[in-house]
>>> print(open('run_31.cif').read())   # mmCIF, C-alpha atoms and all ligand atoms
data_target
loop_
_atom_site.label_atom_id
_atom_site.label_comp_id
_atom_site.auth_asym_id
_atom_site.auth_seq_id
_atom_site.Cartn_x
_atom_site.Cartn_y
_atom_site.Cartn_z
CA MET A 1 97.89 95.78 66.15
CA ILE A 2 99.44 99.20 65.51
CA PHE A 3 102.67 100.00 67.38
CA THR A 4 103.20 103.76 67.34
CA THR A 5 104.16 106.99 69.12
CA ASP A 6 101.27 108.79 67.39
CA VAL A 7 98.96 109.89 70.23
CA ALA A 8 96.26 111.09 67.81
CA CYS A 9 95.96 107.54 66.47
CA GLY A 10 95.45 106.27 70.05
CA ALA A 11 92.84 108.93 70.84
CA LYS A 12 90.86 108.11 67.66
CA ALA A 13 90.98 104.38 68.44
CA LEU A 14 89.64 105.01 71.97
CA SER A 15 86.70 107.00 70.65
CA GLN A 16 85.90 104.10 68.30
CA GLY A 17 85.69 101.66 71.23
CA MET A 18 89.10 100.08 70.67
CA LEU A 19 91.77 98.99 73.15
CA VAL A 20 94.83 101.24 73.43
CA ALA A 21 97.84 100.32 75.57
CA PHE A 22 99.72 103.43 76.66
CA ALA A 23 102.68 104.51 78.78
CA THR A 24 102.14 105.94 82.24
CA GLU A 25 104.83 106.82 84.79
CA THR A 26 103.98 103.69 86.83
CA VAL A 27 103.35 100.81 84.38
CA TYR A 28 101.71 100.53 80.93
CA GLY A 29 97.91 100.63 80.99
CA LEU A 30 95.41 98.80 78.76
CA GLY A 31 92.92 101.56 78.04
CA ALA A 32 89.34 101.84 76.84
CA ASP A 33 86.61 104.48 76.94
CA ALA A 34 85.36 104.22 80.55
CA THR A 35 81.78 105.02 79.51
CA ASN A 36 81.63 102.31 76.82
CA PRO A 37 80.53 98.93 78.27
CA ALA A 38 81.52 96.93 75.17
CA ALA A 39 85.01 98.46 75.04
CA VAL A 40 85.50 97.92 78.78
CA GLY A 41 84.29 94.33 78.37
CA ARG A 42 87.10 93.75 75.88
CA ILE A 43 89.66 94.76 78.56
CA PHE A 44 88.42 91.96 80.81
CA SER A 45 88.54 89.34 78.06
CA ALA A 46 91.95 90.49 76.74
CA LYS A 47 93.49 90.21 80.21
CA GLY A 48 91.56 87.14 81.33
CA ARG A 49 90.52 89.27 84.30
CA PRO A 50 87.50 88.24 86.38
CA VAL A 51 84.55 90.60 85.95
CA GLY A 52 83.75 92.36 89.21
CA HIS A 53 87.37 93.41 89.55
CA PRO A 54 87.16 97.24 89.26
CA LEU A 55 89.28 99.32 86.87
CA ILE A 56 90.96 102.64 87.59
CA VAL A 57 89.62 105.55 85.53
CA HIS A 58 92.36 107.90 84.29
CA VAL A 59 91.42 111.53 83.82
CA ALA A 60 93.24 114.65 82.58
CA SER A 61 92.87 116.83 85.69
CA VAL A 62 91.16 117.18 89.04
CA ASP A 63 88.47 119.23 87.28
CA SER A 64 87.64 116.28 85.05
CA ALA A 65 87.80 113.92 88.04
CA ILE A 66 84.88 115.74 89.67
CA ALA A 67 82.40 114.49 87.04
CA TRP A 68 83.23 110.85 87.85
CA CYS A 69 82.74 110.99 91.61
CA ASP A 70 80.18 112.06 94.16
CA PRO A 71 82.14 113.02 97.29
CA SER A 72 80.79 114.30 100.60
CA GLU A 73 82.10 117.68 101.71
CA ALA A 74 84.81 116.07 103.82
CA GLN A 75 85.84 113.74 100.99
CA ALA A 76 85.93 116.67 98.55
CA GLU A 77 88.30 118.51 100.89
CA MET A 78 90.62 115.51 101.09
CA LEU A 79 90.46 115.12 97.29
CA ALA A 80 91.45 118.78 96.90
CA VAL A 81 94.45 118.35 99.22
CA LEU A 82 95.65 115.11 97.65
CA SER A 83 95.16 116.21 94.06
CA ASP A 84 97.01 119.45 94.81
CA SER A 85 99.97 117.58 96.29
CA PHE A 86 100.20 114.46 94.12
CA TRP A 87 98.38 114.86 90.76
CA PRO A 88 99.49 114.41 88.10
CA GLY A 89 101.29 111.42 89.58
CA PRO A 90 101.25 107.83 90.84
CA LEU A 91 98.25 108.13 93.18
CA THR A 92 94.78 106.57 92.73
CA ILE A 93 91.99 107.95 94.92
CA ILE A 94 88.87 105.88 95.70
CA LEU A 95 85.63 107.84 96.18
CA PRO A 96 81.89 107.27 95.90
CA ARG A 97 81.08 107.33 92.19
CA SER A 98 78.75 109.31 89.94
CA ALA A 99 76.70 107.65 87.17
CA LEU A 100 79.23 108.52 84.44
CA ALA A 101 81.31 105.33 84.39
CA ALA A 102 79.85 102.17 82.86
CA PRO A 103 78.95 99.78 85.74
CA GLN A 104 81.34 97.19 84.20
CA THR A 105 84.21 99.67 84.62
CA VAL A 106 83.85 99.73 88.40
CA GLY A 107 82.96 96.05 88.75
CA GLY A 108 79.47 96.96 89.91
CA LEU A 109 80.79 98.88 92.94
CA THR A 110 79.36 102.16 94.24
CA THR A 111 82.87 103.62 94.32
CA ILE A 112 85.46 104.56 91.70
CA GLY A 113 89.26 104.77 91.57
CA LEU A 114 90.52 107.95 89.85
CA ARG A 115 94.01 108.93 88.81
CA VAL A 116 95.68 111.73 86.82
CA PRO A 117 98.88 110.17 85.45
CA SER A 118 101.96 112.34 84.88
CA HIS A 119 103.51 110.64 81.85
CA PRO A 120 103.35 113.08 78.90
CA VAL A 121 101.99 110.37 76.56
CA ALA A 122 99.17 109.53 78.99
CA LEU A 123 98.33 113.21 79.55
CA GLU A 124 98.38 113.98 75.82
CA LEU A 125 96.17 110.95 75.13
CA LEU A 126 93.69 112.04 77.80
CA GLY A 127 93.71 115.59 76.41
CA GLN A 128 93.05 114.51 72.82
CA PHE A 129 90.50 111.81 73.73
CA GLY A 130 88.66 114.20 76.03
CA GLY A 131 87.09 111.54 78.29
CA GLY A 132 88.04 109.10 81.03
CA ILE A 133 90.20 106.09 80.19
CA ALA A 134 89.56 102.89 82.13
CA ALA A 135 92.92 101.13 82.32
CA PRO A 136 94.32 98.24 84.31
CA SER A 137 97.96 97.29 83.89
CA ALA A 138 98.46 95.90 80.37
CA ASN A 139 99.42 92.34 81.37
CA ARG A 140 97.55 89.06 81.53
CA PHE A 141 95.70 88.69 84.83
CA GLY A 142 97.94 87.73 87.74
CA ARG A 143 101.18 88.36 85.89
CA VAL A 144 103.94 90.95 86.11
CA SER A 145 102.94 94.45 84.94
CA PRO A 146 104.61 95.80 81.78
CA THR A 147 107.13 98.63 82.10
CA THR A 148 107.97 98.92 78.39
CA ALA A 149 105.83 98.87 75.23
CA GLN A 150 107.60 95.67 74.16
CA HIS A 151 106.41 93.95 77.37
CA VAL A 152 102.82 94.76 76.32
CA VAL A 153 103.37 93.29 72.87
CA ASP A 154 104.94 90.18 74.42
CA ASP A 155 101.99 89.67 76.78
CA LEU A 156 98.91 90.88 74.90
CA GLY A 157 100.06 91.69 71.36
CA SER A 158 97.18 90.18 69.42
CA GLU A 159 94.51 91.46 71.82
CA VAL A 160 95.39 95.17 71.64
CA ASP A 161 94.44 97.51 68.79
CA VAL A 162 97.08 100.22 69.40
CA VAL A 163 100.25 100.22 71.53
CA LEU A 164 101.44 103.77 72.27
CA ASP A 165 105.15 103.64 73.01
CA GLY A 166 106.33 106.15 75.62
CA GLY A 167 109.62 104.54 76.63
CA PRO A 168 110.39 102.74 79.90
CA CYS A 169 108.24 103.65 82.94
CA GLU A 170 109.90 105.86 85.52
CA VAL A 171 108.31 104.52 88.73
CA GLY A 172 108.10 100.87 87.64
CA VAL A 173 105.43 99.67 90.11
CA GLU A 174 101.69 100.43 90.12
CA SER A 175 100.19 103.55 91.67
CA THR A 176 99.51 104.00 95.37
CA ILE A 177 95.79 103.49 96.08
CA VAL A 178 94.16 105.41 98.92
CA SER A 179 90.49 105.02 99.80
CA LEU A 180 88.61 108.07 101.10
CA VAL A 181 85.33 106.14 101.23
CA ASP A 182 85.31 105.62 105.00
CA ASP A 183 85.85 108.00 107.91
CA GLN A 184 89.59 107.57 107.83
CA PRO A 185 91.81 107.28 104.75
CA VAL A 186 93.02 103.73 104.10
CA LEU A 187 96.04 102.67 102.04
CA LEU A 188 94.84 99.88 99.72
CA ARG A 189 98.08 99.52 97.75
CA ALA A 190 101.56 100.93 98.38
CA GLY A 191 103.21 102.68 95.43
CA GLY A 192 105.15 105.69 94.23
CA VAL A 193 103.46 108.07 96.72
CA THR A 194 104.24 106.88 100.23
CA ARG A 195 101.94 106.54 103.21
CA VAL A 196 104.10 109.08 105.07
CA GLN A 197 103.63 111.61 102.25
CA LEU A 198 99.85 111.03 102.23
CA ALA A 199 99.54 111.41 105.99
CA ALA A 200 101.65 114.59 105.96
CA ALA A 201 99.49 116.16 103.25
CA LEU A 202 96.19 115.17 104.89
CA GLY A 203 97.32 115.96 108.43
CA MET A 204 95.95 112.62 109.68
CA PRO A 205 97.08 109.00 109.79
CA VAL A 206 96.52 106.74 106.78
CA LEU A 207 95.56 103.26 107.94
CA ALA A 208 96.77 99.98 106.50
CA VAL A 209 94.00 97.66 105.24
CA ALA A 210 94.77 95.25 108.08
CA ASP A 211 94.21 98.02 110.67
CA SER A 212 90.97 99.22 109.16
CA GLN A 213 87.59 98.00 110.43
CA ALA A 214 85.80 99.40 107.40
CA PRO A 215 83.98 96.82 105.26
CA THR A 216 84.31 98.83 102.04
CA VAL A 217 88.09 98.44 101.86
CA LYS A 218 87.76 94.75 101.19
CA ALA A 219 87.90 95.57 97.51
CA PRO A 220 87.70 92.82 94.91
CA GLY A 221 91.12 91.78 93.76
CA MET A 222 93.02 93.70 96.37
CA LEU A 223 94.10 90.83 98.58
CA ARG A 224 94.51 88.10 96.02
CA SER A 225 96.51 90.07 93.46
CA HIS A 226 99.70 88.50 92.27
CA TYR A 227 102.61 90.08 90.55
CA ALA A 228 104.28 86.85 89.66
CA PRO A 229 106.78 85.57 87.11
CA ASP A 230 106.83 81.86 86.09
CA ALA A 231 109.81 81.28 88.36
CA GLU A 232 109.06 80.43 91.95
CA VAL A 233 110.10 83.49 93.99
CA GLU A 234 111.80 83.04 97.36
CA LEU A 235 112.55 86.11 99.49
CA ILE A 236 115.82 85.85 101.35
CA GLY A 237 118.05 87.97 103.59
CA ALA A 238 121.46 89.08 102.32
CA SER A 239 123.30 87.00 104.94
CA ASP A 240 121.49 83.75 103.98
CA ILE A 241 122.13 83.82 100.27
CA GLU A 242 125.38 81.80 100.14
CA ALA A 243 123.98 78.96 102.27
CA ARG A 244 120.79 78.83 100.20
CA LEU A 245 122.76 78.70 96.96
CA ALA A 246 124.88 75.89 98.36
CA SER A 247 121.80 73.84 99.33
CA ALA A 248 120.21 74.51 95.92
CA ALA A 249 123.41 73.31 94.22
CA CYS A 250 123.15 70.01 96.14
CA ASP A 251 119.51 69.60 95.01
CA GLY A 252 120.67 69.72 91.43
CA SER A 253 117.96 69.86 88.82
CA ASN A 254 116.51 73.40 89.20
CA THR A 255 117.91 76.52 87.55
CA VAL A 256 118.37 79.00 90.39
CA GLY A 257 118.62 82.74 89.77
CA VAL A 258 119.42 85.58 92.16
CA VAL A 259 118.17 89.18 92.32
CA ALA A 260 120.05 91.23 94.91
CA PRO A 261 121.22 94.76 95.61
CA PHE A 262 124.84 93.53 95.48
CA GLU A 263 127.08 91.32 93.35
CA VAL A 264 126.83 87.57 93.97
CA GLY A 265 129.22 85.00 92.53
CA HIS A 266 126.41 83.09 90.82
CA ARG A 267 124.85 82.98 87.34
CA PRO A 268 122.24 83.91 86.36
CA SER A 269 121.95 86.88 88.69
CA TRP A 270 120.73 90.45 88.45
CA ILE A 271 122.02 93.36 90.51
CA LEU A 272 119.47 96.05 91.39
CA PRO A 273 120.15 99.30 93.30
CA ASP A 274 119.77 99.11 97.10
CA ASP A 275 117.75 102.32 96.86
CA SER A 276 114.12 101.13 96.62
CA ARG A 277 113.18 103.72 93.94
CA GLY A 278 115.87 102.45 91.60
CA TYR A 279 114.99 98.85 92.55
CA ALA A 280 111.28 99.42 91.80
CA GLN A 281 112.08 100.95 88.43
CA ARG A 282 113.77 97.77 87.15
CA LEU A 283 112.08 95.04 89.23
CA TYR A 284 109.41 93.88 86.75
CA GLU A 285 111.84 93.91 83.84
CA VAL A 286 114.22 91.69 85.83
CA LEU A 287 111.39 89.27 86.75
CA ARG A 288 110.62 88.95 83.03
CA GLN A 289 114.31 88.40 82.23
CA ALA A 290 114.46 85.64 84.84
CA ASP A 291 111.62 83.88 83.00
CA SER A 292 113.39 84.32 79.66
CA ALA A 293 116.46 82.72 81.26
CA ASN A 294 114.25 79.75 82.28
CA VAL A 295 114.93 80.28 85.97
CA ASP A 296 112.94 77.81 88.13
CA ILE A 297 113.69 79.30 91.54
CA LEU A 298 114.45 83.00 91.91
CA LEU A 299 116.08 84.04 95.19
CA VAL A 300 115.32 87.71 95.81
CA VAL A 301 117.01 90.01 98.35
CA PRO A 302 114.80 93.11 98.92
CA PRO A 303 116.21 96.66 98.95
CA THR A 304 116.90 98.35 102.29
CA GLY A 305 117.13 102.06 101.40
CA GLY A 306 114.87 104.84 100.13
CA ASP A 307 111.17 105.56 100.48
CA LEU A 308 109.66 102.79 98.33
CA VAL A 309 110.67 99.93 100.65
CA GLU A 310 106.97 99.35 101.50
CA ALA A 311 105.83 99.32 97.85
CA VAL A 312 108.64 97.02 96.71
CA GLY A 313 108.19 94.74 99.75
CA ASP A 314 104.48 94.44 98.95
CA ARG A 315 105.13 93.41 95.32
CA LEU A 316 107.87 90.98 96.34
CA SER A 317 105.76 89.27 98.98
CA LYS A 318 102.90 88.92 96.47
CA ALA A 319 105.29 87.47 93.88
CA ALA A 320 106.52 85.01 96.52
CA SER A 321 103.09 83.98 97.83
CA PRO A 322 101.52 80.68 96.71
CA ARG A 323 99.47 81.12 93.53
CA PRO A 324 96.41 79.46 92.10
CA ALA A 325 97.19 77.09 89.21
CA SER A 326 95.13 79.33 86.87
CA SER A 327 97.55 82.26 87.17
CA ARG A 328 100.67 80.29 86.22
O1 LIG B 401 99.63 102.45 88.26
C1 LIG B 401 98.50 101.99 88.10
O2 LIG B 401 97.60 102.11 88.93
C2 LIG B 401 98.24 101.26 86.76
C3 LIG B 401 98.31 102.29 85.65
C4 LIG B 401 97.93 101.73 84.31
O3 LIG B 401 97.56 103.42 85.98
N1 LIG B 401 96.97 100.59 86.80
C5 LIG B 401 96.76 99.49 87.56
O4 LIG B 401 95.50 98.95 87.41
O5 LIG B 401 97.61 99.01 88.29
P1 LIG B 401 95.12 97.49 87.92
O6 LIG B 401 93.74 97.25 87.40
O7 LIG B 401 96.15 96.52 87.52
O8 LIG B 401 95.05 97.65 89.46
C6 LIG B 401 94.04 98.48 90.00
C7 LIG B 401 93.65 98.06 91.37
C8 LIG B 401 92.92 96.73 91.41
O9 LIG B 401 93.48 95.91 92.43
C9 LIG B 401 91.49 97.13 91.77
O10 LIG B 401 90.85 96.17 92.58
C10 LIG B 401 91.69 98.44 92.50
O11 LIG B 401 92.77 99.06 91.85
N2 LIG B 401 90.51 99.30 92.37
C11 LIG B 401 90.05 99.93 91.28
N3 LIG B 401 88.88 100.56 91.53
C12 LIG B 401 88.60 100.34 92.83
C13 LIG B 401 87.53 100.69 93.71
N4 LIG B 401 86.50 101.41 93.30
N5 LIG B 401 87.59 100.27 95.00
C14 LIG B 401 88.64 99.52 95.43
N6 LIG B 401 89.66 99.14 94.66
C15 LIG B 401 89.65 99.53 93.38
MG MG B 402 97.40 94.96 87.46
#
>>> encode(input="run_31.cif", output="structure tokens", more="lines below")
Ligand code: TXA
Ligand code: MG
Amino acid sequence: MIFTTDVACGAKALSQGMLVAFATETVYGLGADATNPAAVGRIFSAKGRPVGHPLIVHVASVDSAIAWCDPSEAQAEMLAVLSDSFWPGPLTIILPRSALAAPQTVGGLTTIGLRVPSHPVALELLGQFGGGIAAPSANRFGRVSPTTAQHVVDDLGSEVDVVLDGGPCEVGVESTIVSLVDDQPVLLRAGGVTRVQLAAALGMPVLAVADSQAPTVKAPGMLRSHYAPDAEVELIGASDIEARLASAACDGSNTVGVVAPFEVGHRPSWILPDDSRGYAQRLYEVLRQADSANVDILLVVPPTGGDLVEAVGDRLSKAASPRPASSR
């Protein structure tokens, strides 16, 4: 594995069918040439990700995005509005696909997720490579996404050919995913672009998956994703924390940790900002630190302020939901 800031090295490796982990503004991606079935196949085995779980294709601009999709007139109009407002940036747009991507890339679906990332390393890599980069988050399947290059090395070191270091990720949680496949736009995953921002740009409501009747939004992976550390995560309100710590102390044997947007008189604990943007930025790093501290039960108080409350709440409830034994 080569650990470097040399983008040209990453671009060359991609064109040779290798795996390149790279910084984006959301989380680090594990990239491969989206038209190369063998290279894309290596992503699935490196991550231990089930095949049939579609990958996002990263492109350099809306002009390059056009080649990968096959939108109706109405979908093309919405793509134009959204790309104008939010690309480059933390927004993935699902559209009917063209024949360009390898079928493995899109998990055999007739649709494709496209995103123009804003991180300079990602944009430079896309520019030098010249094609589309299929890239899931660069973590083992079901685990916490990496927000530094070191996290990638810790998780997947031996499986990756090149790790392109671009510093810590600014957003810290994965991109917003909006599907334009059905009559009405549907939010498949909350992220750095909010539902309110999307609706304002489009001039129409953006439905939650639960409110949508459309069959196509039941995307593989979407509902059973986990963003989980080893520690068992328990969400808790600020006013309940002292009582819960007291009952945990009586139980004895577990190491209990706390993540909260305020100081608690307990160790180990991590203080995150109450503003959800600042909270999101550091959340995954803190979940990893809790594992390094051998925390068994992690009590987490969500943030209350700022516009990423929905995105952070989504990741926290997934981290706290029961998991299959295989993802531990
Ligand atoms: O911020 C991000 O989106 C990061 C960075 C690297 O760009 N990538 C990322 O990829 O989070 P991944 O694979 O961990 O999550 C992508 C999600 C998956 O849940 C997948 O099911 C969904 O996007 N997805 C991809 N293509 C889709 C499609 N055609 N239809 C529905 N869902 C799709
Ligand atoms: Mg992921």
>>> closest_atom_pairs(input="run_31.cif", of="chain A", to="ligand MG 402 (chain B)", cutoff="9 Å", atoms="all atoms listed in the file", output="JSON lines")
{"residue": "A:Val27", "atom": "CA", "partner": "B:MG402", "partner_atom": "MG", "distance": 8.9}
{"residue": "A:Gly29", "atom": "CA", "partner": "B:MG402", "partner_atom": "MG", "distance": 8.6}
{"residue": "A:Pro136", "atom": "CA", "partner": "B:MG402", "partner_atom": "MG", "distance": 5.5}
{"residue": "A:Ser137", "atom": "CA", "partner": "B:MG402", "partner_atom": "MG", "distance": 4.3}
{"residue": "A:Ala138", "atom": "CA", "partner": "B:MG402", "partner_atom": "MG", "distance": 7.2}
{"residue": "A:Asn139", "atom": "CA", "partner": "B:MG402", "partner_atom": "MG", "distance": 6.9}
{"residue": "A:Arg140", "atom": "CA", "partner": "B:MG402", "partner_atom": "MG", "distance": 8.4}
{"residue": "A:Phe141", "atom": "CA", "partner": "B:MG402", "partner_atom": "MG", "distance": 7.0}
{"residue": "A:Gly142", "atom": "CA", "partner": "B:MG402", "partner_atom": "MG", "distance": 7.3}
{"residue": "A:Arg143", "atom": "CA", "partner": "B:MG402", "partner_atom": "MG", "distance": 7.8}
{"residue": "A:Val144", "atom": "CA", "partner": "B:MG402", "partner_atom": "MG", "distance": 7.8}
{"residue": "A:Ser145", "atom": "CA", "partner": "B:MG402", "partner_atom": "MG", "distance": 6.1}
{"residue": "A:Glu174", "atom": "CA", "partner": "B:MG402", "partner_atom": "MG", "distance": 7.4}
{"residue": "A:Ser225", "atom": "CA", "partner": "B:MG402", "partner_atom": "MG", "distance": 7.8}
{"residue": "A:His226", "atom": "CA", "partner": "B:MG402", "partner_atom": "MG", "distance": 8.4}
{"residue": "A:Tyr227", "atom": "CA", "partner": "B:MG402", "partner_atom": "MG", "distance": 7.8}
>>> closest_residue(input="run_31.cif", among="A:Leu299, A:Met1, A:Ala208, A:Val160", to="Ser45 of chain A", atoms="all atoms listed in the file")
A:Val160
>>> residues_near_ligand(input="run_31.cif", ligand="ligand LIG 401 (chain B)", cutoff="6 Å", atoms="all atoms listed in the file", output="JSON, numbers by chain")
{"A": [26, 27, 28, 29, 53, 54, 55, 56, 94, 106, 111, 112, 113, 135, 136, 137, 174, 175, 219, 220, 221, 222]}
>>> write_last_selection(input="run_31.cif", atoms="C-alpha atoms", output="PDB file, in the coordinates of the input")
ATOM      1  CA  THR A  26     103.980 103.690  86.830  1.00  0.00           C
ATOM      2  CA  VAL A  27     103.350 100.810  84.380  1.00  0.00           C
ATOM      3  CA  TYR A  28     101.710 100.530  80.930  1.00  0.00           C
ATOM      4  CA  GLY A  29      97.910 100.630  80.990  1.00  0.00           C
ATOM      5  CA  HIS A  53      87.370  93.410  89.550  1.00  0.00           C
ATOM      6  CA  PRO A  54      87.160  97.240  89.260  1.00  0.00           C
ATOM      7  CA  LEU A  55      89.280  99.320  86.870  1.00  0.00           C
ATOM      8  CA  ILE A  56      90.960 102.640  87.590  1.00  0.00           C
ATOM      9  CA  ILE A  94      88.870 105.880  95.700  1.00  0.00           C
ATOM     10  CA  VAL A 106      83.850  99.730  88.400  1.00  0.00           C
ATOM     11  CA  THR A 111      82.870 103.620  94.320  1.00  0.00           C
ATOM     12  CA  ILE A 112      85.460 104.560  91.700  1.00  0.00           C
ATOM     13  CA  GLY A 113      89.260 104.770  91.570  1.00  0.00           C
ATOM     14  CA  ALA A 135      92.920 101.130  82.320  1.00  0.00           C
ATOM     15  CA  PRO A 136      94.320  98.240  84.310  1.00  0.00           C
ATOM     16  CA  SER A 137      97.960  97.290  83.890  1.00  0.00           C
ATOM     17  CA  GLU A 174     101.690 100.430  90.120  1.00  0.00           C
ATOM     18  CA  SER A 175     100.190 103.550  91.670  1.00  0.00           C
ATOM     19  CA  ALA A 219      87.900  95.570  97.510  1.00  0.00           C
ATOM     20  CA  PRO A 220      87.700  92.820  94.910  1.00  0.00           C
ATOM     21  CA  GLY A 221      91.120  91.780  93.760  1.00  0.00           C
ATOM     22  CA  MET A 222      93.020  93.700  96.370  1.00  0.00           C
TER      23      MET A 222
END
>>> atom_distance(input="run_31.cif", atom1="atom CA of Val233 of chain A", atom2="atom CA of Ser321 of chain A")
8.0 Å
>>> closest_atom_pairs(input="run_31.cif", of="segment 109-189 of chain A", to="segment 11-18 of chain A", cutoff="10 Å", atoms="all atoms listed in the file", output="Markdown table")
| residue | atom | partner | partner_atom | distance |
| --- | --- | --- | --- | --- |
| A:Glu124 | CA | A:Ala11 | CA | 9.0 |
| A:Leu125 | CA | A:Ala11 | CA | 5.8 |
| A:Leu126 | CA | A:Ala11 | CA | 7.7 |
| A:Gly127 | CA | A:Ala11 | CA | 8.7 |
| A:Gln128 | CA | A:Ala11 | CA | 5.9 |
| A:Phe129 | CA | A:Ala11 | CA | 4.7 |
| A:Gly130 | CA | A:Ala11 | CA | 8.5 |
| A:Gly131 | CA | A:Ser15 | CA | 8.9 |
| A:Ile133 | CA | A:Leu14 | CA | 8.3 |
| A:Val160 | CA | A:Met18 | CA | 8.0 |
| A:Asp161 | CA | A:Met18 | CA | 6.2 |
| A:Val162 | CA | A:Ala13 | CA | 7.4 |
>>> closest_residue(input="run_31.cif", among="A:Ser118, A:Thr304, A:Leu123, A:Ile177", to="Thr92 of chain A", atoms="only C-alpha atoms")
A:Ile177
>>> closest_residue(input="run_31.cif", among="A:Gly191, A:Pro261, A:Pro268, A:Gly52", to="Val300 of chain A", atoms="only C-alpha atoms")
A:Pro261
>>> closest_atom_pairs(input="run_31.cif", of="segment 14-92 of chain A", to="segment 180-187 of chain A", cutoff="10 Å", atoms="all atoms listed in the file", output="CSV")
residue,atom,partner,partner_atom,distance
A:Pro71,CA,A:Val181,CA,8.5
A:Ser72,CA,A:Val181,CA,9.4
A:Ala74,CA,A:Asp183,CA,9.1
A:Gln75,CA,A:Leu180,CA,6.3
A:Ala76,CA,A:Leu180,CA,9.4
A:Met78,CA,A:Leu180,CA,7.7
A:Leu79,CA,A:Leu180,CA,8.2
>>> closest_residue(input="run_31.cif", among="A:Ile271, A:Val116, A:Ala319, A:Val301", to="Glu25 of chain A", atoms="all atoms listed in the file")
A:Val116
>>> residues_around(input="run_31.cif", residues="Val51 of chain A", least_positions_apart="4", cutoff="9 Å", atoms="all atoms listed in the file", output="CSV table (one decimal) with C-alpha atoms, in the coordinates of the input")
chain,number,residue,atom,x,y,z
A,41,GLY,CA,84.3,94.3,78.4
A,44,PHE,CA,88.4,92.0,80.8
A,45,SER,CA,88.5,89.3,78.1
A,104,GLN,CA,81.3,97.2,84.2
A,107,GLY,CA,83.0,96.0,88.8
>>> atom_distance(input="run_31.cif", atom1="atom CA of Ala8 of chain A", atom2="atom CA of Ser61 of chain A")
19.1 Å
>>> atom_distance(input="run_31.cif", atom1="atom CA of Arg288 of chain A", atom2="atom CA of Thr148 of chain A")
11.3 Å
>>> closest_residue(input="run_31.cif", among="A:Gln289, A:Asp155, A:Val121, A:Gly313", to="Gly48 of chain A", atoms="all atoms listed in the file")
A:Asp155
>>> closest_residue(input="run_31.cif", among="A:Glu77, A:Asp275, A:Glu232, A:Asp63", to="Thr255 of chain A", atoms="only C-alpha atoms")
A:Glu232
